[in-house]
>>> print(open('final_4.csv').read())   # CSV, C-alpha atoms
chain,number,residue,atom,x,y,z
B,1488,MET,CA,33.5,-86.0,75.2
B,1489,LYS,CA,32.4,-82.5,74.5
B,1490,LYS,CA,28.8,-83.6,75.1
B,1491,LEU,CA,29.7,-85.0,78.5
B,1492,VAL,CA,31.5,-81.8,79.5
B,1493,PHE,CA,28.5,-79.8,78.4
B,1494,ILE,CA,26.1,-81.9,80.6
B,1495,VAL,CA,28.4,-81.7,83.7
B,1496,SER,CA,28.6,-77.9,83.2
B,1497,LEU,CA,24.9,-77.6,82.9
B,1498,LEU,CA,24.3,-79.6,86.1
B,1499,LEU,CA,26.7,-77.3,88.0
B,1500,ILE,CA,25.0,-74.2,86.7
B,1501,ILE,CA,21.6,-75.6,88.0
B,1502,SER,CA,22.9,-76.9,91.3
B,1503,ILE,CA,24.8,-73.8,92.5
B,1504,PRO,CA,21.7,-71.6,92.9
B,1505,LEU,CA,20.0,-74.3,94.8
B,1506,ILE,CA,23.0,-74.7,97.2
B,1507,LEU,CA,23.1,-71.0,97.7
B,1508,LEU,CA,19.3,-70.9,98.3
B,1509,GLU,CA,19.6,-73.7,100.9
B,1510,GLY,CA,22.2,-71.6,102.7
B,1511,CYS,CA,19.8,-68.7,102.9
B,1512,ILE,CA,17.1,-70.8,104.7
B,1513,PRO,CA,17.2,-70.1,108.5
B,1514,LYS,CA,18.5,-73.1,110.4
B,1515,GLU,CA,15.4,-73.4,112.5
B,1516,GLU,CA,13.3,-73.8,109.3
B,1517,GLN,CA,15.5,-76.4,107.9
B,1518,SER,CA,15.1,-78.7,111.0
B,1519,GLU,CA,12.6,-77.4,113.5
B,1520,ILE,CA,13.0,-78.7,117.0
B,1521,THR,CA,10.0,-78.7,119.4
B,1522,GLU,CA,10.6,-78.0,123.0
B,1523,ILE,CA,8.8,-80.3,125.4
B,1524,ASN,CA,8.7,-80.0,129.2
B,1525,ILE,CA,7.8,-83.1,131.3
B,1526,SER,CA,7.3,-82.4,135.0
B,1527,VAL,CA,6.4,-84.4,138.1
B,1528,PRO,CA,5.7,-83.4,141.7
B,1529,ASP,CA,8.4,-84.0,144.4
B,1530,GLY,CA,7.9,-87.2,146.3
B,1531,ALA,CA,6.8,-90.6,145.2
B,1532,PRO,CA,5.3,-89.4,141.8
B,1533,ALA,CA,8.8,-88.6,140.6
B,1534,LEU,CA,9.4,-92.3,140.4
B,1535,ALA,CA,7.4,-92.3,137.2
B,1536,ILE,CA,10.1,-90.6,135.2
B,1537,ALA,CA,13.3,-92.0,136.9
B,1538,LYS,CA,14.5,-94.0,134.0
B,1539,MET,CA,13.8,-91.2,131.5
B,1540,LEU,CA,15.8,-88.8,133.8
B,1541,LYS,CA,18.6,-91.3,134.1
B,1542,GLU,CA,18.9,-91.7,130.3
B,1543,ASN,CA,17.8,-88.2,129.4
B,1544,SER,CA,15.5,-89.9,127.0
B,1545,GLN,CA,14.9,-88.0,123.7
B,1546,PHE,CA,12.6,-88.4,120.7
B,1547,GLU,CA,13.7,-87.3,117.2
B,1548,GLY,CA,12.6,-83.8,116.4
B,1549,TYR,CA,12.1,-82.8,120.0
B,1550,ASN,CA,14.2,-81.3,122.8
B,1551,ILE,CA,12.7,-82.9,125.9
B,1552,SER,CA,13.5,-81.5,129.4
B,1553,TYR,CA,12.5,-83.2,132.7
B,1554,SER,CA,11.9,-81.5,136.0
B,1555,ILE,CA,10.7,-82.2,139.5
B,1556,ILE,CA,8.2,-79.6,140.9
B,1557,THR,CA,8.3,-78.7,144.6
B,1558,GLY,CA,5.4,-76.9,146.2
B,1559,GLY,CA,2.5,-79.3,145.7
B,1560,SER,CA,-0.7,-78.3,144.0
B,1561,THR,CA,0.0,-74.6,144.1
B,1562,ALA,CA,3.2,-75.1,142.1
B,1563,ILE,CA,1.5,-77.5,139.6
B,1564,ASN,CA,-1.2,-74.9,139.0
B,1565,ALA,CA,1.5,-72.2,138.5
B,1566,ALA,CA,3.4,-74.3,136.0
B,1567,VAL,CA,0.2,-74.9,134.0
B,1568,ASN,CA,-0.9,-71.3,134.1
B,1569,ASN,CA,2.5,-70.1,132.9
B,1570,ASN,CA,2.7,-72.7,130.1
B,1571,LEU,CA,5.8,-74.3,131.6
B,1572,VAL,CA,4.7,-77.9,131.3
B,1573,ASP,CA,3.4,-80.1,128.4
B,1574,ILE,CA,3.2,-83.4,130.2
B,1575,LEU,CA,2.8,-83.8,134.0
B,1576,ILE,CA,1.8,-86.0,136.8
B,1577,ALA,CA,-0.9,-84.5,139.1
B,1578,PRO,CA,-3.5,-85.8,141.5
B,1579,THR,CA,-6.3,-87.2,139.3
B,1580,ASN,CA,-8.9,-84.9,140.8
B,1581,LEU,CA,-6.6,-81.9,140.3
B,1582,GLY,CA,-6.5,-82.9,136.6
B,1583,ALA,CA,-10.3,-82.7,136.6
B,1584,ILE,CA,-10.2,-79.3,138.2
B,1585,LEU,CA,-7.7,-78.1,135.6
B,1586,TYR,CA,-9.9,-79.5,132.8
B,1587,ASN,CA,-12.9,-77.6,134.1
B,1588,ARG,CA,-11.0,-74.4,134.6
B,1589,LEU,CA,-9.2,-74.4,131.3
B,1590,LYS,CA,-12.1,-75.5,129.2
B,1591,GLY,CA,-12.3,-73.3,126.1
B,1592,SER,CA,-8.8,-71.9,126.4
B,1593,LYS,CA,-6.5,-74.9,126.6
B,1594,ASP,CA,-6.9,-78.6,126.2
B,1595,ILE,CA,-5.9,-81.0,128.9
B,1596,LYS,CA,-6.3,-84.8,128.7
B,1597,LEU,CA,-5.6,-87.7,131.0
B,1598,ILE,CA,-3.1,-89.9,129.3
B,1599,ALA,CA,-2.8,-92.7,131.9
B,1600,ASN,CA,-3.3,-93.5,135.5
B,1601,VAL,CA,0.1,-94.1,137.0
B,1602,PHE,CA,-0.4,-94.4,140.8
B,1603,ASN,CA,-3.2,-96.1,142.6
B,1604,SER,CA,-3.4,-95.0,146.2
B,1605,LEU,CA,-0.2,-94.2,148.0
B,1606,LEU,CA,-2.1,-93.5,151.2
B,1607,TYR,CA,-2.0,-95.4,154.4
B,1608,ILE,CA,-3.2,-95.0,158.0
B,1609,VAL,CA,-0.2,-95.3,160.3
B,1610,GLY,CA,0.0,-95.5,164.1
B,1611,LYS,CA,2.1,-96.9,167.0
B,1612,ASP,CA,-0.5,-99.4,168.2
B,1613,SER,CA,0.0,-102.6,166.2
B,1614,SER,CA,-3.0,-104.3,167.7
B,1615,VAL,CA,-5.4,-102.2,165.6
B,1616,GLU,CA,-6.8,-104.5,163.0
B,1617,SER,CA,-10.2,-102.8,162.1
B,1618,LEU,CA,-11.4,-99.3,161.6
B,1619,GLU,CA,-13.9,-99.8,164.4
B,1620,GLN,CA,-11.0,-100.0,166.8
B,1621,LEU,CA,-10.3,-96.3,166.0
B,1622,LYS,CA,-13.6,-95.2,167.5
B,1623,GLY,CA,-12.8,-92.7,170.3
B,1624,LYS,CA,-9.5,-91.9,168.6
B,1625,ILE,CA,-8.4,-89.0,166.4
B,1626,VAL,CA,-7.1,-89.6,162.9
B,1627,TYR,CA,-5.1,-86.7,161.4
B,1628,THR,CA,-4.9,-86.1,157.7
B,1629,ILE,CA,-3.6,-83.4,155.3
B,1630,GLY,CA,-6.0,-80.8,153.9
B,1631,GLU,CA,-9.6,-80.5,154.8
B,1632,GLY,CA,-11.7,-81.4,151.8
B,1633,ALA,CA,-8.8,-82.7,149.9
B,1634,SER,CA,-9.0,-86.1,148.2
B,1635,PRO,CA,-7.4,-88.1,151.1
B,1636,ASP,CA,-9.9,-86.6,153.5
B,1637,LEU,CA,-12.9,-87.2,151.2
B,1638,THR,CA,-11.8,-90.8,150.4
B,1639,PHE,CA,-11.4,-91.6,154.1
B,1640,GLN,CA,-14.8,-90.2,154.8
B,1641,TYR,CA,-16.4,-92.1,152.0
B,1642,ILE,CA,-14.9,-95.4,153.3
B,1643,LEU,CA,-16.2,-94.6,156.8
B,1644,ASP,CA,-19.7,-93.8,155.3
B,1645,GLN,CA,-19.8,-97.1,153.5
B,1646,LYS,CA,-18.7,-99.0,156.7
B,1647,GLU,CA,-21.4,-97.0,158.6
B,1648,ILE,CA,-18.8,-95.7,161.1
B,1649,MET,CA,-19.7,-92.4,162.6
B,1650,TYR,CA,-17.1,-89.6,162.4
B,1651,ARG,CA,-16.8,-85.8,162.7
B,1652,VAL,CA,-14.2,-83.1,162.8
B,1653,THR,CA,-13.4,-82.9,166.5
B,1654,ASP,CA,-10.5,-83.2,168.9
B,1655,ASP,CA,-12.8,-84.8,171.5
B,1656,PRO,CA,-14.6,-87.8,169.9
B,1657,SER,CA,-17.0,-89.9,171.7
B,1658,ASP,CA,-16.5,-93.6,172.1
B,1659,ASP,CA,-18.8,-94.4,169.2
B,1660,GLU,CA,-17.2,-92.2,166.6
B,1661,ILE,CA,-13.8,-91.3,165.0
B,1662,GLY,CA,-12.5,-87.8,165.3
B,1663,ILE,CA,-10.8,-86.2,162.3
B,1664,GLN,CA,-8.3,-83.4,162.5
B,1665,TYR,CA,-6.2,-81.7,159.9
B,1666,GLU,CA,-2.6,-80.4,159.3
B,1667,SER,CA,-1.4,-78.4,156.4
B,1668,ASP,CA,1.3,-80.8,155.2
B,1669,ALA,CA,3.4,-83.8,156.1
B,1670,SER,CA,6.3,-81.6,157.4
B,1671,VAL,CA,4.0,-80.4,160.2
B,1672,LEU,CA,2.3,-83.8,160.9
B,1673,LEU,CA,5.4,-86.0,161.0
B,1674,PRO,CA,7.1,-84.3,164.1
B,1675,LYS,CA,3.8,-84.5,166.0
B,1676,LEU,CA,3.5,-88.2,165.1
B,1677,ASN,CA,7.1,-88.8,166.2
B,1678,SER,CA,6.6,-87.0,169.5
B,1679,GLY,CA,3.3,-88.8,170.4
B,1680,LEU,CA,1.1,-85.7,170.0
B,1681,VAL,CA,-0.6,-87.5,167.1
B,1682,GLU,CA,-1.5,-91.2,167.5
B,1683,TYR,CA,-2.9,-92.0,164.0
B,1684,ALA,CA,-2.4,-90.3,160.7
B,1685,ILE,CA,-3.2,-90.7,157.0
B,1686,LEU,CA,0.1,-90.3,155.0
B,1687,GLY,CA,1.5,-91.1,151.6
B,1688,GLU,CA,4.8,-92.6,150.6
B,1689,PRO,CA,7.6,-92.0,151.3
B,1690,ALA,CA,6.4,-90.4,154.6
B,1691,VAL,CA,4.9,-93.8,155.5
B,1692,THR,CA,8.2,-95.6,155.4
B,1693,LYS,CA,9.8,-92.7,157.3
B,1694,THR,CA,7.3,-93.2,160.2
B,1695,ILE,CA,7.9,-97.0,160.2
B,1696,ASN,CA,11.7,-96.8,160.0
B,1697,SER,CA,12.2,-93.9,162.4
B,1698,PHE,CA,9.2,-93.3,164.6
B,1699,GLY,CA,8.2,-96.9,165.6
B,1700,CYS,CA,4.9,-96.7,163.6
B,1701,TYR,CA,3.1,-99.5,161.8
B,1702,GLU,CA,1.2,-99.5,158.6
B,1703,LEU,CA,-2.3,-100.2,159.9
B,1704,PHE,CA,-4.5,-99.8,156.8
B,1705,SER,CA,-4.0,-99.3,153.1
B,1706,LEU,CA,-6.7,-96.9,151.8
B,1707,ASN,CA,-6.4,-98.7,148.5
B,1708,ASP,CA,-7.4,-102.0,150.2
B,1709,LEU,CA,-10.2,-100.3,152.1
B,1710,TRP,CA,-11.5,-98.7,148.9
B,1711,ASN,CA,-11.6,-102.1,147.2
B,1712,GLU,CA,-13.4,-103.6,150.2
B,1713,VAL,CA,-16.2,-101.0,150.3
B,1714,THR,CA,-16.6,-100.7,146.5
B,1715,GLU,CA,-16.2,-104.4,145.8
B,1716,THR,CA,-13.5,-103.8,143.2
B,1717,THR,CA,-9.9,-104.8,142.8
B,1718,GLU,CA,-8.3,-101.8,140.9
B,1719,GLY,CA,-8.0,-99.5,143.9
B,1720,PHE,CA,-8.5,-95.8,143.4
B,1721,PRO,CA,-6.5,-93.8,140.8
B,1722,GLN,CA,-4.8,-91.2,143.0
B,1723,ALA,CA,-2.3,-89.7,140.5
B,1724,SER,CA,-2.2,-89.6,136.7
B,1725,PHE,CA,-0.2,-88.4,133.7
B,1726,PHE,CA,-1.8,-85.4,131.8
B,1727,ALA,CA,-1.0,-83.8,128.5
B,1728,ILE,CA,-1.7,-80.1,128.1
B,1729,GLY,CA,-2.0,-77.7,125.2
B,1730,ASP,CA,-0.3,-78.0,121.8
B,1731,ILE,CA,1.2,-81.4,122.6
B,1732,LEU,CA,-2.3,-82.8,122.0
B,1733,GLN,CA,-2.2,-81.7,118.3
B,1734,PRO,CA,-2.2,-84.7,115.9
B,1735,GLU,CA,1.3,-84.1,114.7
B,1736,HIS,CA,2.6,-85.0,118.2
B,1737,LYS,CA,0.8,-88.4,118.4
B,1738,ASP,CA,4.1,-90.3,117.8
B,1739,LEU,CA,5.7,-88.5,120.7
B,1740,LEU,CA,2.9,-89.4,123.1
B,1741,ASN,CA,3.1,-93.0,121.9
B,1742,TRP,CA,6.8,-93.0,122.6
B,1743,PHE,CA,6.3,-91.5,126.0
B,1744,ALA,CA,3.7,-94.2,126.9
B,1745,GLU,CA,6.2,-96.9,125.9
B,1746,ASN,CA,8.9,-95.3,128.0
B,1747,SER,CA,6.6,-94.9,131.0
B,1748,MET,CA,5.7,-98.5,130.9
B,1749,ASP,CA,9.4,-99.5,130.8
B,1750,ASN,CA,10.1,-97.2,133.7
B,1751,VAL,CA,7.8,-99.1,136.0
B,1752,ASP,CA,9.9,-102.3,135.7
B,1753,TRP,CA,13.2,-100.4,135.8
B,1754,VAL,CA,12.4,-98.6,139.1
B,1755,ASN,CA,11.3,-101.9,140.7
B,1756,ASN,CA,14.6,-103.5,139.6
B,1757,ASN,CA,16.9,-100.6,140.3
B,1758,PRO,CA,15.7,-98.8,143.5
B,1759,THR,CA,19.1,-97.5,144.5
B,1760,LEU,CA,19.9,-96.2,141.0
B,1761,ALA,CA,16.5,-94.6,140.8
B,1762,GLN,CA,17.0,-92.8,144.0
B,1763,GLU,CA,20.5,-91.5,143.0
B,1764,THR,CA,19.0,-90.3,139.7
B,1765,LEU,CA,16.1,-88.5,141.3
B,1766,GLU,CA,18.2,-86.9,144.0
B,1767,ASP,CA,20.6,-85.6,141.4
B,1768,ASN,CA,17.6,-83.8,139.9
B,1769,GLY,CA,16.4,-82.2,143.1
B,1770,TRP,CA,14.3,-84.9,144.6
B,1771,ALA,CA,13.9,-84.7,148.4
B,1772,THR,CA,13.1,-88.0,150.1
B,1773,PRO,CA,13.4,-88.8,153.8
B,1774,VAL,CA,14.2,-92.4,153.4
B,1775,PRO,CA,16.2,-94.7,151.1
B,1776,LEU,CA,14.2,-96.4,148.3
B,1777,ASN,CA,13.6,-100.1,148.6
B,1778,THR,CA,11.3,-102.6,147.1
B,1779,GLU,CA,8.8,-102.4,150.0
B,1780,LEU,CA,8.4,-98.7,149.7
B,1781,ILE,CA,8.1,-98.9,145.9
B,1782,SER,CA,5.5,-101.6,146.3
B,1783,ARG,CA,3.4,-99.4,148.6
B,1784,CYS,CA,3.4,-96.7,145.8
B,1785,ASN,CA,1.2,-99.0,143.7
B,1786,MET,CA,2.8,-97.7,140.5
B,1787,GLU,CA,1.5,-99.0,137.3
B,1788,TYR,CA,1.0,-97.5,133.8
B,1789,ILE,CA,-2.7,-97.9,132.9
B,1790,SER,CA,-3.8,-96.1,129.7
B,1791,ALA,CA,-6.7,-93.7,129.8
B,1792,GLU,CA,-8.9,-96.1,127.9
B,1793,GLN,CA,-8.2,-99.0,130.4
B,1794,ALA,CA,-8.5,-96.7,133.5
B,1795,LYS,CA,-11.5,-94.7,132.4
B,1796,ASN,CA,-14.1,-96.7,134.4
B,1797,SER,CA,-12.2,-96.7,137.6
B,1798,ILE,CA,-11.3,-93.0,137.2
B,1799,THR,CA,-14.9,-92.0,136.5
B,1800,SER,CA,-16.1,-94.0,139.5
B,1801,TYR,CA,-13.5,-92.3,141.7
B,1802,LEU,CA,-14.2,-88.8,140.5
B,1803,SER,CA,-18.0,-89.5,140.9
B,1804,VAL,CA,-17.4,-90.3,144.6
B,1805,LEU,CA,-15.4,-87.2,145.1
B,1806,PHE,CA,-18.1,-85.1,143.3
B,1807,GLU,CA,-20.8,-86.5,145.5
B,1808,MET,CA,-18.8,-85.7,148.6
B,1809,ASN,CA,-17.8,-82.2,147.4
B,1810,PRO,CA,-18.2,-81.0,143.8
B,1811,ILE,CA,-15.4,-78.5,144.2
B,1812,SER,CA,-13.0,-81.4,144.6
B,1813,VAL,CA,-13.3,-82.1,140.9
B,1814,GLY,CA,-13.8,-78.5,139.7
B,1815,GLY,CA,-17.6,-78.3,140.0
B,1816,SER,CA,-18.6,-80.9,137.4
B,1817,LEU,CA,-17.5,-84.3,136.2
B,1818,PRO,CA,-15.3,-84.2,133.1
B,1819,SER,CA,-16.8,-85.3,129.8
B,1820,ASP,CA,-15.5,-88.2,127.7
B,1821,ASP,CA,-13.0,-85.8,125.9
B,1822,PHE,CA,-11.1,-85.7,129.2
B,1823,TYR,CA,-9.6,-89.1,128.4
B,1824,TYR,CA,-6.9,-89.3,125.8
B,1825,GLN,CA,-7.5,-91.7,122.9
B,1826,GLY,CA,-4.1,-92.5,121.3
>>> encode(input="final_4.csv", output="structure tokens")
Amino acid sequence: MKKLVFIVSLLLIISIPLILLEGCIPKEEQSEITEINISVPDGAPALAIAKMLKENSQFEGYNISYSIITGGSTAINAAVNNNLVDILIAPTNLGAILYNRLKGSKDIKLIANVFNSLLYIVGKDSSVESLEQLKGKIVYTIGEGASPDLTFQYILDQKEIMYRVTDDPSDDEIGIQYESDASVLLPKLNSGLVEYAILGEPAVTKTINSFGCYELFSLNDLWNEVTETTEGFPQASFFAIGDILQPEHKDLLNWFAENSMDNVDWVNNNPTLAQETLEDNGWATPVPLNTELISRCNMEYISAEQAKNSITSYLSVLFEMNPISVGGSLPSDDFYYQG
């Protein structure tokens, strides 16, 4: 009995300093939590995190915050420059621009292609069935030299349809004109000042539901036609930036990929709930979500490895049209994340 009492007493003497020492360790060192910011642009790209926003999806060891960025490419650049984002959706060519600009200072890798083209040519004349019928007409688009403009020009080149920037095209050419953004272009389309325009979702559905317009052409389909492919062109992708690309965060990125794939089916099956969730988080959409609109977004999670060929082809086309559109040079193989 005395021996047992001695052993218990000895264990208490040994354990008390350890307990006291544990109490002296700062809490953050006992269980360190990594802060992660996942951001998407306002508009259709926000659909890619709707389920995660709804569930406030978290991964053990991380505090994950989700946000919707308003302000287009300018706001995306600012978020990256100020280290406010770890994972984001951006136009695929903007990711290439960031890759070239940040080279040597901060890693950025394409995780997956999420949206093939969301771009469509709309107009009020439903009898238009071929691009040749737009000769003598003016097609408005957003941003001279931006990817929608260059993609449209490439399609016209491949179809050997003449075009030029003009507000007075001849009968054998298509005129191209520009507006700064959809908020300027939509009222002109509604009033009849603009007959034809290249727009993305959800603006396309707005023009169909409210302005009496028709979806005349899908740029995705036109791209497939002239390139003899079936994948469409990878308009927007997920990117990982900075420290999140360190090996210790691989499990988080794998978890994010799984959740992103689940999100695609969830949005398709729950459009109303997706809309409510996004609007609660600052999403501004001009129309209710429905299966037709979601279908036009061509949302699909395609890993960097699977999408690499189509992305490389797409960026090569943009580079040939205007090297600045991809940051001056095509990204190397290390642009593509290998999980």
>>> residues_near_point(input="final_4.csv", point="(8.3, -79.3, 127.9)", cutoff="7 Å", atoms="only C-alpha atoms", output="list in words")
Glu1522, Ile1523, Asn1524, Ile1525, Ile1551, Ser1552, Leu1571, Val1572, Asp1573 and Ile1574 of chain B
>>> residues_around(input="final_4.csv", residues="Gln1762 in chain B", least_positions_apart="2", cutoff="12 Å", atoms="only C-alpha atoms", output="PyMOL selection string")
chain B and resi 1530-1531+1533-1538+1540-1541+1689+1753-1760+1764-1778+1780-1781
>>> residues_around(input="final_4.csv", residues="Ile1576 in chain B", least_positions_apart="2", cutoff="12 Å", atoms="only C-alpha atoms", output="PyMOL selection string")
chain B and resi 1524-1536+1553-1556+1559-1560+1563-1564+1566-1567+1572-1574+1578-1582+1596-1602+1722-1728+1747+1788
>>> residues_around(input="final_4.csv", residues="range 1622-1631 of chain B", least_positions_apart="5", cutoff="6 Å", atoms="only C-alpha atoms", output="number ranges by chain")
B: 1656-1668, 1683-1685
>>> residues_around(input="final_4.csv", residues="Glu1712 in chain B", least_positions_apart="6", cutoff="12 Å", atoms="only C-alpha atoms", output="short mmCIF file (atom, residue, chain, number, x, y, z; two decimals) with C-alpha atoms, in the coordinates of the input")
data_model
loop_
_atom_site.label_atom_id
_atom_site.label_comp_id
_atom_site.auth_asym_id
_atom_site.auth_seq_id
_atom_site.Cartn_x
_atom_site.Cartn_y
_atom_site.Cartn_z
CA ILE B 1642 -14.90 -95.40 153.30
CA LEU B 1643 -16.20 -94.60 156.80
CA GLN B 1645 -19.80 -97.10 153.50
CA LYS B 1646 -18.70 -99.00 156.70
CA PHE B 1704 -4.50 -99.80 156.80
CA SER B 1705 -4.00 -99.30 153.10
CA LEU B 1706 -6.70 -96.90 151.80
CA GLU B 1718 -8.30 -101.80 140.90
CA GLY B 1719 -8.00 -99.50 143.90
CA PHE B 1720 -8.50 -95.80 143.40
#
>>> closest_residue(input="final_4.csv", among="B:Thr1716, B:Ser1819, B:Ser1670, B:Asn1785", to="Leu1802 in chain B", atoms="all atoms listed in the file")
B:Ser1819
>>> build_atoms(input="final_4.csv", residues="range 1536-1556 of chain B", atoms="N, CA, C and O atoms", output="PDB file, in the coordinates of the input")
ATOM      1  N   ILE B1536       9.249 -91.029 136.288  1.00  0.00           N
ATOM      2  CA  ILE B1536      10.100 -90.600 135.200  1.00  0.00           C
ATOM      3  C   ILE B1536      11.601 -90.907 135.498  1.00  0.00           C
ATOM      4  O   ILE B1536      12.496 -90.384 134.825  1.00  0.00           O
ATOM      5  N   ALA B1537      11.867 -91.728 136.509  1.00  0.00           N
ATOM      6  CA  ALA B1537      13.300 -92.000 136.900  1.00  0.00           C
ATOM      7  C   ALA B1537      14.144 -92.478 135.821  1.00  0.00           C
ATOM      8  O   ALA B1537      15.266 -92.002 135.624  1.00  0.00           O
ATOM      9  N   LYS B1538      13.671 -93.452 135.079  1.00  0.00           N
ATOM     10  CA  LYS B1538      14.500 -94.000 134.000  1.00  0.00           C
ATOM     11  C   LYS B1538      14.725 -93.004 132.900  1.00  0.00           C
ATOM     12  O   LYS B1538      15.830 -92.910 132.349  1.00  0.00           O
ATOM     13  N   MET B1539      13.692 -92.235 132.560  1.00  0.00           N
ATOM     14  CA  MET B1539      13.800 -91.200 131.500  1.00  0.00           C
ATOM     15  C   MET B1539      14.818 -90.130 131.954  1.00  0.00           C
ATOM     16  O   MET B1539      15.595 -89.609 131.150  1.00  0.00           O
ATOM     17  N   LEU B1540      14.790 -89.789 133.232  1.00  0.00           N
ATOM     18  CA  LEU B1540      15.800 -88.800 133.800  1.00  0.00           C
ATOM     19  C   LEU B1540      17.170 -89.394 133.684  1.00  0.00           C
ATOM     20  O   LEU B1540      18.113 -88.694 133.287  1.00  0.00           O
ATOM     21  N   LYS B1541      17.313 -90.654 134.077  1.00  0.00           N
ATOM     22  CA  LYS B1541      18.600 -91.300 134.100  1.00  0.00           C
ATOM     23  C   LYS B1541      19.238 -91.285 132.675  1.00  0.00           C
ATOM     24  O   LYS B1541      20.429 -90.996 132.492  1.00  0.00           O
ATOM     25  N   GLU B1542      18.424 -91.586 131.683  1.00  0.00           N
ATOM     26  CA  GLU B1542      18.900 -91.700 130.300  1.00  0.00           C
ATOM     27  C   GLU B1542      18.772 -90.437 129.493  1.00  0.00           C
ATOM     28  O   GLU B1542      19.204 -90.400 128.340  1.00  0.00           O
ATOM     29  N   ASN B1543      18.166 -89.408 130.122  1.00  0.00           N
ATOM     30  CA  ASN B1543      17.800 -88.200 129.400  1.00  0.00           C
ATOM     31  C   ASN B1543      17.165 -88.568 128.047  1.00  0.00           C
ATOM     32  O   ASN B1543      17.578 -88.161 126.966  1.00  0.00           O
ATOM     33  N   SER B1544      16.116 -89.357 128.146  1.00  0.00           N
ATOM     34  CA  SER B1544      15.500 -89.900 127.000  1.00  0.00           C
ATOM     35  C   SER B1544      14.940 -88.824 126.046  1.00  0.00           C
ATOM     36  O   SER B1544      14.290 -87.878 126.491  1.00  0.00           O
ATOM     37  N   GLN B1545      15.237 -88.979 124.749  1.00  0.00           N
ATOM     38  CA  GLN B1545      14.900 -88.000 123.700  1.00  0.00           C
ATOM     39  C   GLN B1545      14.163 -88.683 122.577  1.00  0.00           C
ATOM     40  O   GLN B1545      14.364 -89.863 122.319  1.00  0.00           O
ATOM     41  N   PHE B1546      13.335 -87.915 121.877  1.00  0.00           N
ATOM     42  CA  PHE B1546      12.600 -88.400 120.700  1.00  0.00           C
ATOM     43  C   PHE B1546      12.968 -87.482 119.533  1.00  0.00           C
ATOM     44  O   PHE B1546      12.982 -86.250 119.688  1.00  0.00           O
ATOM     45  N   GLU B1547      13.237 -88.074 118.393  1.00  0.00           N
ATOM     46  CA  GLU B1547      13.700 -87.300 117.200  1.00  0.00           C
ATOM     47  C   GLU B1547      12.757 -86.154 116.901  1.00  0.00           C
ATOM     48  O   GLU B1547      11.541 -86.343 116.819  1.00  0.00           O
ATOM     49  N   GLY B1548      13.343 -84.980 116.735  1.00  0.00           N
ATOM     50  CA  GLY B1548      12.600 -83.800 116.400  1.00  0.00           C
ATOM     51  C   GLY B1548      12.131 -82.983 117.606  1.00  0.00           C
ATOM     52  O   GLY B1548      11.485 -81.944 117.461  1.00  0.00           O
ATOM     53  N   TYR B1549      12.493 -83.469 118.805  1.00  0.00           N
ATOM     54  CA  TYR B1549      12.100 -82.800 120.000  1.00  0.00           C
ATOM     55  C   TYR B1549      13.298 -82.604 120.954  1.00  0.00           C
ATOM     56  O   TYR B1549      14.228 -83.408 120.951  1.00  0.00           O
ATOM     57  N   ASN B1550      13.235 -81.553 121.723  1.00  0.00           N
ATOM     58  CA  ASN B1550      14.200 -81.300 122.800  1.00  0.00           C
ATOM     59  C   ASN B1550      13.394 -81.468 124.102  1.00  0.00           C
ATOM     60  O   ASN B1550      12.639 -80.553 124.460  1.00  0.00           O
ATOM     61  N   ILE B1551      13.534 -82.600 124.778  1.00  0.00           N
ATOM     62  CA  ILE B1551      12.700 -82.900 125.900  1.00  0.00           C
ATOM     63  C   ILE B1551      13.472 -82.591 127.222  1.00  0.00           C
ATOM     64  O   ILE B1551      14.589 -83.062 127.415  1.00  0.00           O
ATOM     65  N   SER B1552      12.867 -81.787 128.082  1.00  0.00           N
ATOM     66  CA  SER B1552      13.500 -81.500 129.400  1.00  0.00           C
ATOM     67  C   SER B1552      12.555 -82.104 130.470  1.00  0.00           C
ATOM     68  O   SER B1552      11.334 -82.171 130.313  1.00  0.00           O
ATOM     69  N   TYR B1553      13.198 -82.551 131.550  1.00  0.00           N
ATOM     70  CA  TYR B1553      12.500 -83.200 132.700  1.00  0.00           C
ATOM     71  C   TYR B1553      12.741 -82.376 133.928  1.00  0.00           C
ATOM     72  O   TYR B1553      13.839 -81.884 134.151  1.00  0.00           O
ATOM     73  N   SER B1554      11.714 -82.252 134.767  1.00  0.00           N
ATOM     74  CA  SER B1554      11.900 -81.500 136.000  1.00  0.00           C
ATOM     75  C   SER B1554      11.000 -82.041 137.104  1.00  0.00           C
ATOM     76  O   SER B1554       9.970 -82.679 136.845  1.00  0.00           O
ATOM     77  N   ILE B1555      11.436 -81.805 138.338  1.00  0.00           N
ATOM     78  CA  ILE B1555      10.700 -82.200 139.500  1.00  0.00           C
ATOM     79  C   ILE B1555      10.152 -80.886 140.162  1.00  0.00           C
ATOM     80  O   ILE B1555      10.918 -79.969 140.466  1.00  0.00           O
ATOM     81  N   ILE B1556       8.843 -80.807 140.335  1.00  0.00           N
ATOM     82  CA  ILE B1556       8.200 -79.600 140.900  1.00  0.00           C
ATOM     83  C   ILE B1556       8.047 -79.739 142.378  1.00  0.00           C
ATOM     84  O   ILE B1556       7.507 -80.733 142.870  1.00  0.00           O
TER      85      ILE B1556
END
